[in-house]
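**Student:** Take a look at input.csv, CSV, C-alpha atoms and all ligand atoms:
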chain,number,residue,atom,x,y,z
A,1,MET,CA,-6.6,4.5,-10.6
A,2,ALA,CA,-5.1,3.0,-7.5
A,3,ASP,CA,-1.5,3.9,-7.0
A,4,LYS,CA,-1.1,1.3,-4.3
A,5,LYS,CA,-0.7,-2.4,-4.7
A,6,LYS,CA,-3.3,-4.9,-3.5
A,7,THR,CA,-2.2,-6.9,-0.5
A,8,MET,CA,-3.7,-10.0,1.0
A,9,ALA,CA,-5.1,-9.6,4.5
A,10,VAL,CA,-5.9,-12.5,6.7
A,11,ILE,CA,-9.1,-12.4,8.8
A,12,LYS,CA,-8.1,-12.8,12.5
A,13,SER,CA,-11.6,-12.4,13.8
A,14,GLN,CA,-15.1,-11.6,12.7
A,15,GLU,CA,-17.9,-10.7,15.0
A,16,ASN,CA,-21.5,-9.6,14.5
A,17,ILE,CA,-21.5,-6.8,17.1
A,18,THR,CA,-25.1,-5.8,16.6
A,19,LYS,CA,-27.9,-6.1,14.0
A,20,ASP,CA,-26.2,-5.5,10.6
A,21,ILE,CA,-22.9,-4.3,12.0
A,22,PHE,CA,-19.8,-6.4,12.0
A,23,SER,CA,-16.3,-6.0,13.5
A,24,MET,CA,-13.3,-7.6,11.7
A,25,TRP,CA,-9.6,-7.7,12.6
A,26,LEU,CA,-7.3,-8.0,9.6
A,27,GLU,CA,-3.7,-9.0,9.8
A,28,PHE,CA,-1.2,-7.8,7.2
A,29,GLU,CA,2.3,-8.9,6.3
A,30,LYS,CA,4.9,-6.5,7.6
A,31,GLU,CA,6.4,-5.8,4.2
A,32,SER,CA,3.0,-4.4,3.0
A,33,ASN,CA,3.4,-1.4,5.3
A,34,VAL,CA,-0.4,-1.0,5.4
A,35,VAL,CA,-0.6,-1.0,9.2
A,36,GLU,CA,2.7,0.8,9.6
A,37,ASN,CA,1.5,3.8,7.5
A,38,ALA,CA,-2.1,4.0,8.8
A,39,ILE,CA,-3.4,7.0,10.7
A,40,PRO,CA,-6.8,7.8,12.1
A,41,GLY,CA,-9.4,8.8,9.6
A,42,GLN,CA,-8.0,6.8,6.7
A,43,PHE,CA,-9.7,3.9,5.0
A,44,ILE,CA,-8.9,0.7,3.2
A,45,SER,CA,-10.5,-0.6,0.0
A,46,MET,CA,-11.6,-4.2,0.4
A,47,TYR,CA,-12.1,-6.3,-2.7
A,48,SER,CA,-14.8,-8.9,-3.3
A,49,SER,CA,-13.5,-12.3,-4.3
A,50,ASP,CA,-16.4,-12.5,-6.8
A,51,GLY,CA,-14.9,-11.2,-10.1
A,52,SER,CA,-18.2,-9.8,-11.3
A,53,ARG,CA,-18.1,-7.1,-8.6
A,54,LEU,CA,-14.8,-5.5,-9.5
A,55,LEU,CA,-15.2,-2.3,-7.5
A,56,PRO,CA,-13.9,-2.5,-4.0
A,57,ARG,CA,-15.7,-1.4,-0.9
A,58,PRO,CA,-14.0,1.5,1.0
A,59,ILE,CA,-14.2,0.8,4.7
A,60,SER,CA,-12.9,3.2,7.4
A,61,ILE,CA,-10.2,2.1,9.8
A,62,CYS,CA,-11.6,1.6,13.3
A,63,GLU,CA,-8.4,0.6,15.1
A,64,ILE,CA,-4.7,0.3,14.3
A,65,ASP,CA,-2.6,-2.2,16.2
A,66,LYS,CA,1.0,-1.7,15.0
A,67,ASN,CA,2.3,-4.4,17.4
A,68,SER,CA,0.3,-7.2,15.9
A,69,GLY,CA,0.3,-5.7,12.4
A,70,SER,CA,-3.5,-5.6,12.3
A,71,LEU,CA,-6.3,-3.2,11.5
A,72,ARG,CA,-9.9,-3.4,12.7
A,73,VAL,CA,-12.8,-2.4,10.5
A,74,VAL,CA,-16.3,-2.1,11.8
A,75,TYR,CA,-18.8,-2.0,8.9
A,76,ARG,CA,-22.4,-2.2,8.1
A,77,VAL,CA,-23.8,-4.7,5.7
A,78,VAL,CA,-25.4,-2.5,3.0
A,79,GLY,CA,-25.1,-4.6,-0.2
A,80,LYS,CA,-23.7,-7.7,-1.8
A,81,GLY,CA,-20.0,-6.8,-1.2
A,82,THR,CA,-20.3,-6.1,2.5
A,83,ASP,CA,-22.6,-9.1,2.9
A,84,GLU,CA,-19.9,-11.3,1.4
A,85,PHE,CA,-17.3,-9.9,3.8
A,86,SER,CA,-19.7,-10.6,6.7
A,87,LYS,CA,-19.9,-14.2,5.8
A,88,MET,CA,-16.1,-14.7,5.7
A,89,LYS,CA,-14.4,-16.7,8.5
A,90,LYS,CA,-11.3,-16.4,10.5
A,91,GLY,CA,-8.3,-17.5,8.4
A,92,GLU,CA,-9.8,-16.5,5.1
A,93,LYS,CA,-8.0,-13.9,3.0
A,94,ILE,CA,-9.3,-10.6,1.5
A,95,PRO,CA,-7.4,-8.5,-1.1
A,96,VAL,CA,-7.0,-5.0,0.3
A,97,VAL,CA,-5.5,-1.7,-0.9
A,98,GLY,CA,-4.5,0.9,1.7
A,99,PRO,CA,-4.2,2.8,3.8
A,100,LEU,CA,-6.0,5.4,1.6
A,101,GLY,CA,-7.2,9.0,2.1
A,102,ASN,CA,-5.6,11.8,4.0
A,103,GLY,CA,-6.7,11.1,7.6
A,104,PHE,CA,-7.3,13.6,10.4
A,105,SER,CA,-4.8,16.3,11.1
A,106,LEU,CA,-4.3,16.3,14.8
A,107,LYS,CA,-4.4,19.6,16.7
A,108,GLY,CA,-3.7,20.6,20.3
A,109,GLY,CA,-6.2,22.0,22.8
A,110,LYS,CA,-9.7,20.8,23.6
A,111,ALA,CA,-11.2,18.4,21.1
A,112,VAL,CA,-14.7,17.2,20.5
A,113,LEU,CA,-15.0,14.0,18.4
A,114,ILE,CA,-18.4,13.5,16.9
A,115,GLY,CA,-19.6,10.2,15.3
A,116,GLY,CA,-23.0,9.4,14.0
A,117,GLY,CA,-24.2,5.9,13.1
A,118,ILE,CA,-21.6,4.0,11.0
A,119,GLY,CA,-19.5,7.2,11.2
A,120,ILE,CA,-18.7,6.1,14.8
A,121,PRO,CA,-16.0,3.5,14.1
A,122,PRO,CA,-13.3,5.8,12.7
A,123,MET,CA,-13.5,8.0,15.8
A,124,LEU,CA,-12.3,5.2,18.0
A,125,GLU,CA,-8.8,5.1,16.7
A,126,LEU,CA,-8.7,8.9,16.9
A,127,ALA,CA,-9.9,8.9,20.5
A,128,LYS,CA,-7.2,6.3,21.3
A,129,THR,CA,-4.5,8.4,19.7
A,130,LEU,CA,-5.5,11.6,21.4
A,131,ASN,CA,-6.0,9.6,24.7
A,132,SER,CA,-6.8,12.5,27.1
A,133,LYS,CA,-9.8,12.5,29.4
A,134,GLU,CA,-8.9,16.1,30.3
A,135,ASN,CA,-9.1,17.4,26.8
A,136,VAL,CA,-11.1,15.0,24.7
A,137,SER,CA,-14.9,14.6,24.6
A,138,VAL,CA,-16.7,12.2,22.3
A,139,VAL,CA,-20.3,12.7,21.3
A,140,LEU,CA,-21.9,9.6,19.7
A,141,GLY,CA,-25.2,9.9,17.9
A,142,TYR,CA,-27.4,6.8,17.8
A,143,ARG,CA,-31.0,6.1,16.7
A,144,ASP,CA,-31.9,4.2,19.9
A,145,ASN,CA,-30.4,2.4,22.9
A,146,ASP,CA,-28.3,0.0,20.7
A,147,LEU,CA,-25.1,1.8,21.7
A,148,PHE,CA,-22.5,-0.2,19.7
A,149,LEU,CA,-18.8,0.6,20.4
A,150,LYS,CA,-19.7,3.2,23.1
A,151,ASN,CA,-18.0,1.3,25.9
A,152,GLU,CA,-14.8,1.1,23.9
A,153,PHE,CA,-14.4,4.9,23.9
A,154,GLU,CA,-14.7,5.2,27.7
A,155,PRO,CA,-11.0,4.6,28.6
A,156,TYR,CA,-9.8,7.4,26.3
A,157,ALA,CA,-12.3,10.2,26.5
A,158,ASN,CA,-15.4,11.6,28.2
A,159,VAL,CA,-18.3,10.1,26.3
A,160,TYR,CA,-21.7,11.7,25.6
A,161,VAL,CA,-24.6,10.1,23.8
A,162,SER,CA,-27.5,11.5,21.8
A,163,THR,CA,-30.4,9.2,20.7
A,164,GLU,CA,-33.1,10.1,18.3
A,165,ASP,CA,-35.7,8.3,20.4
A,166,GLY,CA,-34.4,9.8,23.7
A,167,SER,CA,-33.9,6.4,25.2
A,168,VAL,CA,-30.3,7.2,26.3
A,169,GLY,CA,-28.5,10.5,26.8
A,170,THR,CA,-29.7,13.6,25.1
A,171,LYS,CA,-32.9,13.3,23.1
A,172,GLY,CA,-32.1,14.7,19.6
A,173,ASN,CA,-28.9,14.9,17.6
A,174,VAL,CA,-25.2,15.3,18.4
A,175,ILE,CA,-25.3,19.1,18.4
A,176,ASP,CA,-28.2,19.0,21.0
A,177,ALA,CA,-25.8,16.8,23.2
A,178,ILE,CA,-23.0,19.3,22.8
A,179,LYS,CA,-25.2,22.2,23.9
A,180,GLU,CA,-26.8,20.3,26.7
A,181,ASN,CA,-23.5,19.3,28.1
A,182,VAL,CA,-21.9,22.7,27.4
A,183,LEU,CA,-18.9,21.1,25.7
A,184,GLU,CA,-16.1,23.4,24.7
A,185,ALA,CA,-13.8,22.8,21.7
A,186,ASP,CA,-10.8,24.2,20.0
A,187,VAL,CA,-11.2,21.7,17.2
A,188,ILE,CA,-14.0,19.3,16.2
A,189,TYR,CA,-13.5,16.0,14.3
A,190,SER,CA,-16.5,14.4,12.8
A,191,CYS,CA,-17.8,11.5,10.8
A,192,GLY,CA,-21.3,10.5,10.0
A,193,PRO,CA,-24.3,11.1,7.7
A,194,ILE,CA,-24.3,14.2,5.6
A,195,PRO,CA,-27.2,15.9,7.4
A,196,MET,CA,-25.2,15.5,10.7
A,197,LEU,CA,-22.1,16.9,9.1
A,198,ARG,CA,-24.1,19.9,7.8
A,199,GLY,CA,-25.2,20.5,11.4
A,200,VAL,CA,-21.6,20.2,12.6
A,201,LYS,CA,-20.4,22.6,10.0
A,202,ALA,CA,-23.0,25.2,10.9
A,203,TYR,CA,-22.3,24.8,14.6
A,204,ALA,CA,-18.5,25.2,14.1
A,205,GLN,CA,-19.0,28.2,11.9
A,206,GLU,CA,-21.3,29.9,14.5
A,207,LYS,CA,-18.7,29.2,17.2
A,208,ASN,CA,-15.7,29.9,15.1
A,209,ILE,CA,-14.2,26.5,15.7
A,210,GLU,CA,-12.1,24.5,13.2
A,211,ALA,CA,-14.0,21.4,12.1
A,212,GLN,CA,-12.5,18.5,10.2
A,213,ILE,CA,-15.2,16.3,8.7
A,214,SER,CA,-15.0,12.9,7.1
A,215,MET,CA,-17.1,12.6,4.0
A,216,GLU,CA,-16.6,8.9,3.6
A,217,GLU,CA,-20.3,8.3,3.3
A,218,LYS,CA,-20.3,9.6,-0.2
A,219,MET,CA,-17.6,7.2,-1.4
A,220,ALA,CA,-18.1,4.4,-3.9
A,221,CYS,CA,-15.1,2.8,-5.5
A,222,GLY,CA,-12.6,4.5,-3.1
A,223,ILE,CA,-9.8,4.4,-5.7
A,224,GLY,CA,-10.5,7.4,-7.9
A,225,ALA,CA,-12.1,5.4,-10.7
A,226,CYS,CA,-15.8,6.0,-10.6
A,227,LEU,CA,-16.1,9.8,-9.9
A,228,GLY,CA,-19.1,8.9,-7.8
A,229,CYS,CA,-17.6,10.8,-4.8
A,230,VAL,CA,-17.2,14.3,-6.2
A,231,CYS,CA,-18.1,17.2,-3.9
A,232,LYS,CA,-18.1,20.9,-4.4
A,233,SER,CA,-15.2,22.8,-2.8
A,234,LYS,CA,-15.0,26.5,-2.1
A,235,GLU,CA,-11.9,27.1,-4.2
A,236,ILE,CA,-13.0,28.6,-7.5
A,237,ASP,CA,-11.3,27.2,-10.6
A,238,ASP,CA,-10.2,30.0,-13.0
A,239,HIS,CA,-11.8,28.4,-16.0
A,240,SER,CA,-14.9,26.6,-14.9
A,241,LYS,CA,-15.6,28.9,-11.9
A,242,VAL,CA,-16.2,25.8,-9.8
A,243,HIS,CA,-13.9,23.4,-8.2
A,244,ASN,CA,-14.7,19.8,-7.5
A,245,LYS,CA,-12.8,17.4,-5.2
A,246,ARG,CA,-12.8,13.7,-5.2
A,247,ILE,CA,-13.5,12.6,-1.7
A,248,CYS,CA,-11.6,9.4,-2.0
A,249,LYS,CA,-8.5,11.1,-3.3
A,250,ASP,CA,-8.5,14.6,-1.8
A,251,GLY,CA,-10.3,13.5,1.4
A,252,PRO,CA,-12.1,11.9,3.0
A,253,ILE,CA,-11.3,14.4,5.6
A,254,PHE,CA,-11.9,18.1,4.8
A,255,ASN,CA,-12.0,21.3,6.7
A,256,ALA,CA,-15.7,21.9,6.9
A,257,GLU,CA,-15.4,25.5,5.6
A,258,ASP,CA,-13.6,24.3,2.4
A,259,ILE,CA,-16.5,22.3,1.1
A,260,GLU,CA,-20.1,22.7,0.3
A,261,ILE,CA,-22.4,20.1,1.8
B,1,LIG,FE1,-14.9,6.4,-6.9
B,1,LIG,FE2,-13.9,8.4,-5.5
B,1,LIG,S1,-15.2,6.9,-4.8
B,1,LIG,S2,-13.7,8.1,-7.6
I need this file expressed as structure tokens, please.

**Tutor:**
Amino acid sequence: MADKKKTMAVIKSQENITKDIFSMWLEFEKESNVVENAIPGQFISMYSSDGSRLLPRPISICEIDKNSGSLRVVYRVVGKGTDEFSKMKKGEKIPVVGPLGNGFSLKGGKAVLIGGGIGIPPMLELAKTLNSKENVSVVLGYRDNDLFLKNEFEPYANVYVSTEDGSVGTKGNVIDAIKENVLEADVIYSCGPIPMLRGVKAYAQEKNIEAQISMEEKMACGIGACLGCVCKSKEIDDHSKVHNKRICKDGPIFNAEDIEI
């Protein structure tokens, strides 16, 4: 169960940035330490005010502003819980638990950040933290020319785009864009749909590059209660000969070679 207390966050802004994707800034009381302790790659669990939906929604942190004590989440409306969040207005309060999960472990050298679809938002705080046009490239995978958040990456990194329909950047997927632009990396950080992460893992293995991948897409309750997020890890348990990890507790960031996807 959750080992952190719920805290009330106040909505500072809510914006429908494109289609079904919303951006929300949440302000926290200083004593909660939620913002103080947050690092890129972590998430928060947001609770519905409707008591019939008790499980929270885990949402990745898109930006951390320690000065104003605020966090930004950019989320897609995928069900009743997120639909309820999207209808909330500035000044309303949301119960939140966080920050949760392990976050990315930052390394030196050349970094390639890869985000696909709704896996793009968590890469923004990471790009801001690394903040090096010299060493950091960001590859963003979209379906079409609806390039949400892309411009916000520009100040911090070199940005490349792949689109499935070929309307912008490289036609194809994020790995096609890495190859086309001959991007070099000492470490890869990635978040996105499982097929994309599979591609990232294979590419990193082939090139012998460390890849940290965020498995947040597979989370449900986010607080260790539902076991809906279990994934297979490489480590073999002595008794069962398998070893499972809970993504919300042991992750959501894993070294790609440590888990089976
Ligand atoms: Fe429910 Fe991990 S998401 S236990």

**Student:** Within 6 Å of ligand LIG 1 (chain B), which residues of chain A show up? Give each one with its shortest atom-to-atom distance in Å (one decimal) and the two atoms involved, counting all atoms listed in the file, rows by chain then rising residue number, as JSON lines.

**Tutor:**
{"residue": "A:Met219", "atom": "CA", "partner": "B:LIG1", "partner_atom": "S1", "distance": 4.2}
{"residue": "A:Ala220", "atom": "CA", "partner": "B:LIG1", "partner_atom": "S1", "distance": 3.9}
{"residue": "A:Cys221", "atom": "CA", "partner": "B:LIG1", "partner_atom": "FE1", "distance": 3.9}
{"residue": "A:Gly222", "atom": "CA", "partner": "B:LIG1", "partner_atom": "S1", "distance": 3.9}
{"residue": "A:Ile223", "atom": "CA", "partner": "B:LIG1", "partner_atom": "FE1", "distance": 5.6}
{"residue": "A:Gly224", "atom": "CA", "partner": "B:LIG1", "partner_atom": "S2", "distance": 3.3}
{"residue": "A:Ala225", "atom": "CA", "partner": "B:LIG1", "partner_atom": "S2", "distance": 4.4}
{"residue": "A:Cys226", "atom": "CA", "partner": "B:LIG1", "partner_atom": "FE1", "distance": 3.8}
{"residue": "A:Leu227", "atom": "CA", "partner": "B:LIG1", "partner_atom": "S2", "distance": 3.7}
{"residue": "A:Gly228", "atom": "CA", "partner": "B:LIG1", "partner_atom": "FE1", "distance": 5.0}
{"residue": "A:Cys229", "atom": "CA", "partner": "B:LIG1", "partner_atom": "FE2", "distance": 4.5}
{"residue": "A:Arg246", "atom": "CA", "partner": "B:LIG1", "partner_atom": "FE2", "distance": 5.4}
{"residue": "A:Ile247", "atom": "CA", "partner": "B:LIG1", "partner_atom": "FE2", "distance": 5.7}
{"residue": "A:Cys248", "atom": "CA", "partner": "B:LIG1", "partner_atom": "FE2", "distance": 4.3}

**Student:** Name the residues, using the chain letters and numbers of the file, that sit within 12 Å of (-17.0, 26.4, 16.3) when counting all atoms listed in the file, and give them as a PyMOL selection string.

**Tutor:** chain A and resi 110-112+175+178-179+183-189+199-212+255-257

**Student:** Just the number, please: distance in Å from atom CA of Tyr156 of chain A to atom CA of Thr129 of chain A, one decimal.

**Tutor:**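 Rounded to one decimal, the two atoms are 8.5 Å apart.
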
**Student:** For Cys231 of chain A, find every residue with an atom within 9 Å (counting all atoms listed in the file), except residues of its own chain fewer than 4 positions away, and show them as a CSV table (one decimal) with C-alpha atoms, in the frame of the given file.

**Tutor:**
chain,number,residue,atom,x,y,z
A,218,LYS,CA,-20.3,9.6,-0.2
A,243,HIS,CA,-13.9,23.4,-8.2
A,244,ASN,CA,-14.7,19.8,-7.5
A,245,LYS,CA,-12.8,17.4,-5.2
A,246,ARG,CA,-12.8,13.7,-5.2
A,247,ILE,CA,-13.5,12.6,-1.7
A,259,ILE,CA,-16.5,22.3,1.1
A,260,GLU,CA,-20.1,22.7,0.3
A,261,ILE,CA,-22.4,20.1,1.8

**Student:** Here is a test: counting all atoms listed in the file, which residue of A:Gly116, A:Pro56, A:Pro121, A:Gly109 is nearest to Met24 of chain A?

**Tutor:**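 Closest residue, counting all atoms listed in the file: A:Pro121.
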
**Student:** What's around segment 3-12 of chain A at 10 Å? Count only C-alpha atoms, leave out sequence neighbours fewer than 3 positions away in its own chain, and write the answer as JSON, numbers by chain.

**Tutor:** {"A": [24, 25, 26, 27, 28, 29, 31, 32, 33, 34, 45, 46, 47, 70, 71, 72, 85, 88, 89, 90, 91, 92, 93, 94, 95, 96, 97, 98, 99, 100, 223, 224]}

**Student:** Taking all atoms listed in the file into account, which of A:Val161, A:Leu149, A:Leu124, A:Leu130 comes nearest Glu63 of chain A?

**Tutor:** A:Leu124

**Student:** Given only C-alpha atoms as the basis, pick out the residue of A:Gly103, A:Gly166, A:Val73, A:Ile61 nearest to Asp250 of chain A.

**Tutor:**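 So, comparing all the options, the nearest one is A:Gly103.
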
**Student:** Please report the interatomic distance between atom CA of Glu134 of chain A and atom CA of Gly117 of chain A in Å with one decimal.

**Tutor:** 25.2 Å

**Student:** Under the rule that all atoms listed in the file are counted, which of A:Ser60, A:Ser162, A:Ser233, A:Ser48 is the nearest residue to Arg76 of chain A?

**Tutor:**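 Ranked by minimum distance to Arg76 of chain A, first place goes to A:Ser60.
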
**Student:** Measure the distance from atom CA of Ile17 of chain A to atom CA of Gly119 of chain A in Å and round it to one decimal.

**Tutor:**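 According to the coordinates, atom CA of Ile17 of chain A and atom CA of Gly119 of chain A are separated by 15.3 Å.
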
**Student:** Using all atoms listed in the file, determine which residues lie at most 7 Å from Pro40 of chain A, disregarding the query and same-chain residues fewer than 3 positions distant; provide the list as a PyMOL selection string.

**Tutor:** chain A and resi 103-104+122+125-126

**Student:** Would you export the selected residues with C-alpha atoms as a compact mmCIF listing (two decimals), keeping the file's coordinate frame, please?

**Tutor:**
# COMPACT_ATOMS: atom_id res chain seq x y z
CA GLY A 103 -6.70 11.10 7.60
CA PHE A 104 -7.30 13.60 10.40
CA PRO A 122 -13.30 5.80 12.70
CA GLU A 125 -8.80 5.10 16.70
CA LEU A 126 -8.70 8.90 16.90

**Student:** Restricting the calculation to only C-alpha atoms, which member of A:Lys19, A:Lys30, A:Lys80, A:Lys87 is positioned closest to Asn67 of chain A?

**Tutor:**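 Of all the options, A:Lys30 lies closest to Asn67 of chain A.
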
**Student:** Select, from A:Ile39, A:Ile120, A:Leu197, A:Ile21, the residue with the minimum atom-to-atom distance to Leu106 of chain A, counting all atoms listed in the file.

**Tutor:**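 Looking only at the distances to Leu106 of chain A, the closest residue turns out to be A:Ile39.
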